[in-house]
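In what follows, a structure is listed as C-alpha cells, so that the remarks can point back to it.
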Amino acid sequence: MRSTHGCGSNRGVPEQIQNGEPPVASDAPLLDVVGLKTHFFTFGGVVKAVDGVSLSVRRGETLGVVGESGCGKSVTALSVIGLVPNPPGRIVAGRIDFEGRGDVLGVSAEAMREIRGNEISMIFQEPMTSLNPVFRVGTQIAEAIRLHRQVSKKEAMERAIERLGLVGIPSPMARARDYPHQLSGGMRQRVMIAMAVACQPKLLLADEPTTALDVTVQAQILDLMNRMKEASGAAIMLITHDMGVIAEMCQRVSVMYAGVVVEHTDVRTLFANPLHPYTVGLLDSIPRGRSKASGQLKTIPGIVPNLLHLPKGCRFQDRCSQVHAACRESEPPLAAVCDGGDGGHLVRCWLHVSPSETPARP
Amino acid sequence: MTGDAMAILTLRNLQKYFPVERGVFSRSTGWIKAVDGIDLSVHRGETLGLVGESGCGKSTLGKLITRLEDATGGEIEFEGRDTPSLKGAALRELRREIQTIFQDPYSSLNPRMTAYDIIEEPLLVHGTASKAERRIRVFELLETVGIRREFGGRYPHEFSGGQRQRIGIARALALNPKLVVCDEPVSALDVSIQAQIINLLENLQKEFGLTYIFISHDLSVVEHISDRIAIMYLGQIVELAESSAFYAQAYHPYSEALLSASPVPDPTAARQRIILKGDPPSPIDVPAGCRFHMRCPYAAEICRADPTPPLEELTPGRWVRCWRAAEIRGLDGQEANRPSSKDSHQNDSP
C-alpha cells in the first residue's frame, strides 16, 4: 500500500497489485515537456489546444496519454516532433527537453529534421492518408533510411525489406513493390511502423495507432509494438482514447482534459485509485462486464468546453459532480497528492490539493 | 410458415452478392458475397447485437432489413409480411416501421436543414398531420432525446457529435417505428458521450417497446446493451447466443479470439490473448470449407474441405457454425442438441 498512505482518498488498493510493477530503466527522463502551450490563432480567436502541458517519458517505458477528442493529446505529440501547422498554430511557451540535450524548441529547422524520423518518430492514426499513395511502400521506407544514414539506394532498399519482414509482413520482397492502396489496413499500419522504426528511434510517438483497425488486427499491432519496443529499447508515447489499450500497453498514464494534464500516475494506481473527477467519470462510463439488467452506465454530463471560451477556474467545473466555490475562482495546479515510488500521483483538482501547495510536475 | 412466435423479424437463407466489375465495360468478373446465407430471428422487444469486423457484411445485412438494398436471394419476413416483394404504399408502411440510426452523425444529417426540419421531414413524407400537430410532435421528440426545444432552429454544425446523434435518434423515432437498426451508433463518439447515448437508447427502448438490431464492432458496448448476440464472419453468422452465456464462454473459435483480443480496461487482468494470424480473407474469393479455417487455431482436416459447417444448435438457444465446437468445448454426446431433434422440419432457424 505504498502510495495510498496518508492520501486524502484511499479506495483500498489491494496489496498485490502494487507489486510487480515493470522496472524503470533510468531515472532521467528521455523526453521532458514542461509547461507546453501550443495555441492556434484562428479568425474566431485563440484556440488554446495545449495550454500548459507537462509530461515526461522515461527510457524504455510506454507512457499513455489519454483523453477525449479535442483535449490536445495529438497537438502535444505534434509539438514534440515539430509538426504543428504554422500558421495557424504556434508554440507560445514551454520547454521540450530530449535526452537532456536542452530545449529542442529552439533548434533550427535542419536540426529538427535530423531528429525527426531518426531519434523521434511518429505513427499516425490513419495509415491510408499518412502514406504517400504514388510511391511504392519499399521506396517510402528506403527514403526515410537514406535521409538519416549514409547508405546507397540499394542498401537502403535491402534494409527497408528487412524491416518489412520484421514487422510481420509476409513475402516482404514482393510487398515492398506494392502501393499503399494494395495493402489492407493492418498491413498499412505495419508499413507505418516499419517506417517509424527504420532508423531505430529512441522515442516513438504513436497517435491512436490502432483506432482505425479491427479488433483482431488491433491485437496484432499492439503485440507488434510491444515486441519492437522490447527489441530496440525505445520508449513509446501512446496517445489513445481507449482505456482498454492504456491498461494493456502502458506503465504510466497522463490524463488530459481541455488542453491540460489533469491526472498523472502509474497505470495500476490510475485504474485502482483514480482521483480527478474526470478520470473517475471516464472510467465509470466504460461499459464493461455489466449486463443490461445491472442498470445504466454512469455518464459525465455535458460536453467538453469550447476551447475558445474556457471558463474561469477549473476547466472541468461545468461537468463535475463535486464542484465547489474554489473551482470557480482559480485553476488548480497539477500537484502531487502523495509521494508514490513511481514519480508520484499528480492531480489537478482542488479536492485533492490545498490551495497553498506548490505545483509539481511529472 | 412462421418459425417463431416471438419473432418480429425472420431471415431465411438471406443472400446479397455484389458484382465485381473490371475494365472499361464493367464486365462482371466475380461476386462479393457480402451476406451469404443468414438465418436469424429477432424477437419482439429484444436488442440483438450484431458483431463482426469490417467487411463481414453486418452493415449490408442492416440495409437488407431496412430495404435500402435488395437481397439477391432468401427471405425476409417482418410481422408476417414478405418484405422483398413489397411495393408502393406497403413499402412505405414498412419503411415507417423499420428505421435506422446511422454511425456518423456528421454525414447523416443534411447540413442545410435545421434540427427542426430534419426531425419534421419524416412526418412530412409519411404523415397526414397538420403543421400544428407536427410542431407539437417535433418539440416532443426533441425533449425525448434531451435537446432543448429552442435549439430546434440550429443547424447540424452548431451541435456537438453527441447532440447530432440525438437528432438522428429523434428522426428515427418520429414515426413510431417497431424495429430500429442501429448501425454503429456510438462508434464515432467519445467515451463519456457514448455512455449518454447508450443510456438514452435503453430508456427509449423501455418507453416505446422498441426492438433493436445493434450493429457494432465494440464487444464491450454490445455486452452492455444486448440480450442476444450474433457474431458474423465473412457474410455468415458463426455464433448466436444469449449475451450473458456468450461472454462467459464463446464457443466458436473466431468469437473466442474476438473476445480475447478486445482490450480490457483493467491493468491487473491476467489474460491470454489469442492473436489470430493474418487478415480476414476477402469476401471475393471465400476459402473452401469453413471460412475461418486459415486463421483458426483448432483447424483440422474436416474444416479445410467442403462443405462449410452448418449453423447448429449446440445447447438450447446457442447456435454455432463449427465442426469441432462440441468437441473443443467438451459438449460431446448428450448435451449437444441437434436441430433435427426438434419437432419442426428444416424451417427451424436460429
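Each chain in the C-alpha cells gets a letter, A, B, ..., in the order shown, and its residues are numbered from 1; ligands are numbered from 1 in order too.
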Contacts from chain A to chain B, 6 Å maximum, only C-alpha atoms: show me the residue list as a tab-separated table (two decimals) with C-alpha atoms, in the first residue's frame.
```
chain	number	residue	atom	x	y	z
A	68	GLU	CA	-11.30	12.70	-25.49
A	214	ASP	CA	-10.40	-4.14	-36.41
A	215	VAL	CA	-10.16	-5.78	-33.01
A	216	THR	CA	-8.19	-8.85	-34.07
A	219	ALA	CA	-4.31	-7.08	-31.09
A	243	MET	CA	-8.80	2.89	-21.65
A	244	GLY	CA	-8.50	-0.79	-22.63
A	245	VAL	CA	-5.45	-0.08	-24.78
A	247	ALA	CA	-4.43	-0.84	-19.48
A	268	ARG	CA	-2.35	0.40	-11.77
A	285	SER	CA	-18.56	5.39	-18.32
A	287	PRO	CA	-19.29	-0.41	-20.40
A	288	ARG	CA	-17.59	-3.50	-19.03
A	290	ARG	CA	-22.10	-5.48	-16.81
A	291	SER	CA	-25.16	-6.91	-18.35
A	292	LYS	CA	-28.18	-4.95	-19.36
A	296	GLN	CA	-27.47	2.27	-16.61
A	297	LEU	CA	-23.97	3.38	-17.40
A	299	THR	CA	-22.08	9.29	-17.55
A	300	ILE	CA	-20.27	12.58	-17.39
```
Can you list every residue in region 103-237 of chain A that DSSP puts in alpha helix (DSSP H), as number ranges by chain? A: 109-115, 127-130, 137-148, 153-166, 172-175, 185-196, 215-232
DSSP strand (DSSP E) selection over region 81-270 of chain A, as an NGL selection string: :A and (89-98 or 120-123 or 203-207 or 235-240 or 252-257 or 260-266)
For Tyr251 (chain B), list every protein, DNA or RNA residue within 8 Å, evaluated using only C-alpha atoms, and leave out those in the same chain fewer than 5 positions away; present the list as a ChimeraX atom specification. /B:239,246,256,320,325,329
Keeping N, CA and C atoms, export the residues of the selection given above as a short mmCIF file (atom, residue, chain, number, x, y, z; two decimals), in the first residue's frame.
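Printed below is part-v3.cif as written:
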```
data_model
loop_
_atom_site.label_atom_id
_atom_site.label_comp_id
_atom_site.auth_asym_id
_atom_site.auth_seq_id
_atom_site.Cartn_x
_atom_site.Cartn_y
_atom_site.Cartn_z
N GLU B 239 -21.79 -17.55 -34.74
CA GLU B 239 -22.29 -17.90 -33.41
C GLU B 239 -23.45 -16.99 -33.05
N PHE B 246 -22.71 -15.98 -23.78
CA PHE B 246 -21.65 -15.76 -24.74
C PHE B 246 -20.41 -15.18 -24.06
N GLU B 256 -14.18 -16.60 -29.84
CA GLU B 256 -13.25 -16.69 -28.72
C GLU B 256 -12.06 -15.75 -28.93
N VAL B 320 -23.93 -22.51 -33.23
CA VAL B 320 -22.52 -22.35 -33.58
C VAL B 320 -22.25 -22.99 -34.94
N ALA B 325 -16.76 -27.47 -32.57
CA ALA B 325 -17.12 -26.71 -31.37
C ALA B 325 -17.49 -27.62 -30.20
N ARG B 329 -15.26 -27.63 -26.81
CA ARG B 329 -15.86 -27.11 -25.58
C ARG B 329 -16.34 -28.23 -24.67
#
```
I want to know what sits within 12 Å of region 127-134 of chain B, based on only C-alpha atoms, with residues of the same chain fewer than 2 positions away left out; could you give that as a list in words? Arg92, Glu93, Arg96, Tyr116, Asp117, Ile119, Glu120, Glu121, Pro122, Leu123, Leu124, Val125, Ile136, Arg137, Val138, Phe139, Glu140, Leu141, Ala174, Leu175 and Asn176 of chain B
Write the selection just made, keeping N, CA and C atoms, as a PDB file, in the first residue's frame?
```pdb
ATOM      1  N   ARG B  92     -43.845   1.782 -48.258  1.00  0.00           N
ATOM      2  CA  ARG B  92     -43.751   2.999 -47.433  1.00  0.00           C
ATOM      3  C   ARG B  92     -44.137   2.706 -45.994  1.00  0.00           C
ATOM      4  N   GLU B  93     -45.117   1.873 -45.812  1.00  0.00           N
ATOM      5  CA  GLU B  93     -45.548   1.482 -44.481  1.00  0.00           C
ATOM      6  C   GLU B  93     -44.418   0.738 -43.751  1.00  0.00           C
ATOM      7  N   ARG B  96     -41.779   3.007 -42.568  1.00  0.00           N
ATOM      8  CA  ARG B  96     -42.177   3.736 -41.380  1.00  0.00           C
ATOM      9  C   ARG B  96     -41.877   2.894 -40.136  1.00  0.00           C
ATOM     10  N   TYR B 116     -34.875  21.119 -36.442  1.00  0.00           N
ATOM     11  CA  TYR B 116     -36.333  21.029 -36.501  1.00  0.00           C
ATOM     12  C   TYR B 116     -36.775  20.410 -37.818  1.00  0.00           C
ATOM     13  N   ASP B 117     -36.220  20.927 -38.934  1.00  0.00           N
ATOM     14  CA  ASP B 117     -36.606  20.428 -40.254  1.00  0.00           C
ATOM     15  C   ASP B 117     -36.228  18.958 -40.438  1.00  0.00           C
ATOM     16  N   ILE B 119     -36.017  16.646 -38.175  1.00  0.00           N
ATOM     17  CA  ILE B 119     -36.923  15.763 -37.435  1.00  0.00           C
ATOM     18  C   ILE B 119     -38.328  15.804 -38.028  1.00  0.00           C
ATOM     19  N   GLU B 120     -38.686  16.953 -38.604  1.00  0.00           N
ATOM     20  CA  GLU B 120     -40.035  17.087 -39.173  1.00  0.00           C
ATOM     21  C   GLU B 120     -40.167  16.330 -40.495  1.00  0.00           C
ATOM     22  N   GLU B 121     -39.030  16.159 -41.200  1.00  0.00           N
ATOM     23  CA  GLU B 121     -39.109  15.613 -42.547  1.00  0.00           C
ATOM     24  C   GLU B 121     -39.833  14.268 -42.644  1.00  0.00           C
ATOM     25  N   PRO B 122     -39.490  13.288 -41.787  1.00  0.00           N
ATOM     26  CA  PRO B 122     -40.246  12.031 -41.905  1.00  0.00           C
ATOM     27  C   PRO B 122     -41.747  12.217 -41.682  1.00  0.00           C
ATOM     28  N   LEU B 123     -42.131  13.172 -40.830  1.00  0.00           N
ATOM     29  CA  LEU B 123     -43.559  13.413 -40.593  1.00  0.00           C
ATOM     30  C   LEU B 123     -44.207  13.981 -41.846  1.00  0.00           C
ATOM     31  N   LEU B 124     -43.455  14.814 -42.573  1.00  0.00           N
ATOM     32  CA  LEU B 124     -43.963  15.385 -43.806  1.00  0.00           C
ATOM     33  C   LEU B 124     -44.107  14.310 -44.875  1.00  0.00           C
ATOM     34  N   VAL B 125     -43.085  13.457 -44.969  1.00  0.00           N
ATOM     35  CA  VAL B 125     -43.070  12.454 -46.033  1.00  0.00           C
ATOM     36  C   VAL B 125     -44.155  11.412 -45.810  1.00  0.00           C
ATOM     37  N   ILE B 136     -45.959  20.135 -32.527  1.00  0.00           N
ATOM     38  CA  ILE B 136     -46.037  19.529 -31.194  1.00  0.00           C
ATOM     39  C   ILE B 136     -45.168  18.276 -31.136  1.00  0.00           C
ATOM     40  N   ARG B 137     -45.275  17.475 -32.201  1.00  0.00           N
ATOM     41  CA  ARG B 137     -44.541  16.207 -32.245  1.00  0.00           C
ATOM     42  C   ARG B 137     -43.019  16.444 -32.259  1.00  0.00           C
ATOM     43  N   VAL B 138     -42.553  17.418 -33.046  1.00  0.00           N
ATOM     44  CA  VAL B 138     -41.112  17.667 -33.123  1.00  0.00           C
ATOM     45  C   VAL B 138     -40.582  18.131 -31.766  1.00  0.00           C
ATOM     46  N   PHE B 139     -41.312  19.026 -31.118  1.00  0.00           N
ATOM     47  CA  PHE B 139     -40.874  19.504 -29.803  1.00  0.00           C
ATOM     48  C   PHE B 139     -40.850  18.363 -28.789  1.00  0.00           C
ATOM     49  N   GLU B 140     -41.859  17.481 -28.895  1.00  0.00           N
ATOM     50  CA  GLU B 140     -41.931  16.326 -28.011  1.00  0.00           C
ATOM     51  C   GLU B 140     -40.707  15.416 -28.230  1.00  0.00           C
ATOM     52  N   LEU B 141     -40.349  15.222 -29.514  1.00  0.00           N
ATOM     53  CA  LEU B 141     -39.200  14.363 -29.829  1.00  0.00           C
ATOM     54  C   LEU B 141     -37.896  14.982 -29.338  1.00  0.00           C
ATOM     55  N   ALA B 174     -39.392   9.474 -35.007  1.00  0.00           N
ATOM     56  CA  ALA B 174     -40.510  10.359 -35.355  1.00  0.00           C
ATOM     57  C   ALA B 174     -41.763   9.597 -35.765  1.00  0.00           C
ATOM     58  N   LEU B 175     -41.606   8.461 -36.444  1.00  0.00           N
ATOM     59  CA  LEU B 175     -42.771   7.767 -36.993  1.00  0.00           C
ATOM     60  C   LEU B 175     -43.178   6.559 -36.160  1.00  0.00           C
ATOM     61  N   ASN B 176     -42.764   6.532 -34.896  1.00  0.00           N
ATOM     62  CA  ASN B 176     -43.078   5.400 -34.019  1.00  0.00           C
ATOM     63  C   ASN B 176     -42.726   4.060 -34.645  1.00  0.00           C
TER      64      ASN B 176
END
```
Skipping near chain neighbours, those fewer than 2 positions away, what residues fall within 6 Å of region 251-254 of chain A using only C-alpha atoms, listed as JSON, numbers by chain? {"A": [62, 63, 64, 65, 263, 264, 265, 266, 267]}
Written selection (C-alpha atoms) as a short mmCIF file (atom, residue, chain, number, x, y, z; two decimals), in the first residue's frame:
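File produced: again.cif:
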```cif
data_model
loop_
_atom_site.label_atom_id
_atom_site.label_comp_id
_atom_site.auth_asym_id
_atom_site.auth_seq_id
_atom_site.Cartn_x
_atom_site.Cartn_y
_atom_site.Cartn_z
CA THR A 62 5.29 3.32 -22.56
CA LEU A 63 3.58 6.49 -21.42
CA GLY A 64 -0.11 6.61 -22.17
CA VAL A 65 -1.75 9.92 -22.97
CA GLU A 263 -4.02 13.46 -13.62
CA HIS A 264 -0.79 11.55 -13.89
CA THR A 265 0.19 8.30 -12.24
CA ASP A 266 1.21 4.72 -12.89
CA VAL A 267 -1.34 2.62 -14.70
#
```
Contact residues around Ala196 (chain A) with only C-alpha atoms at 7 Å, ignoring same-chain residues under 6 positions, as a PyMOL selection string: chain A and resi 117+121-123
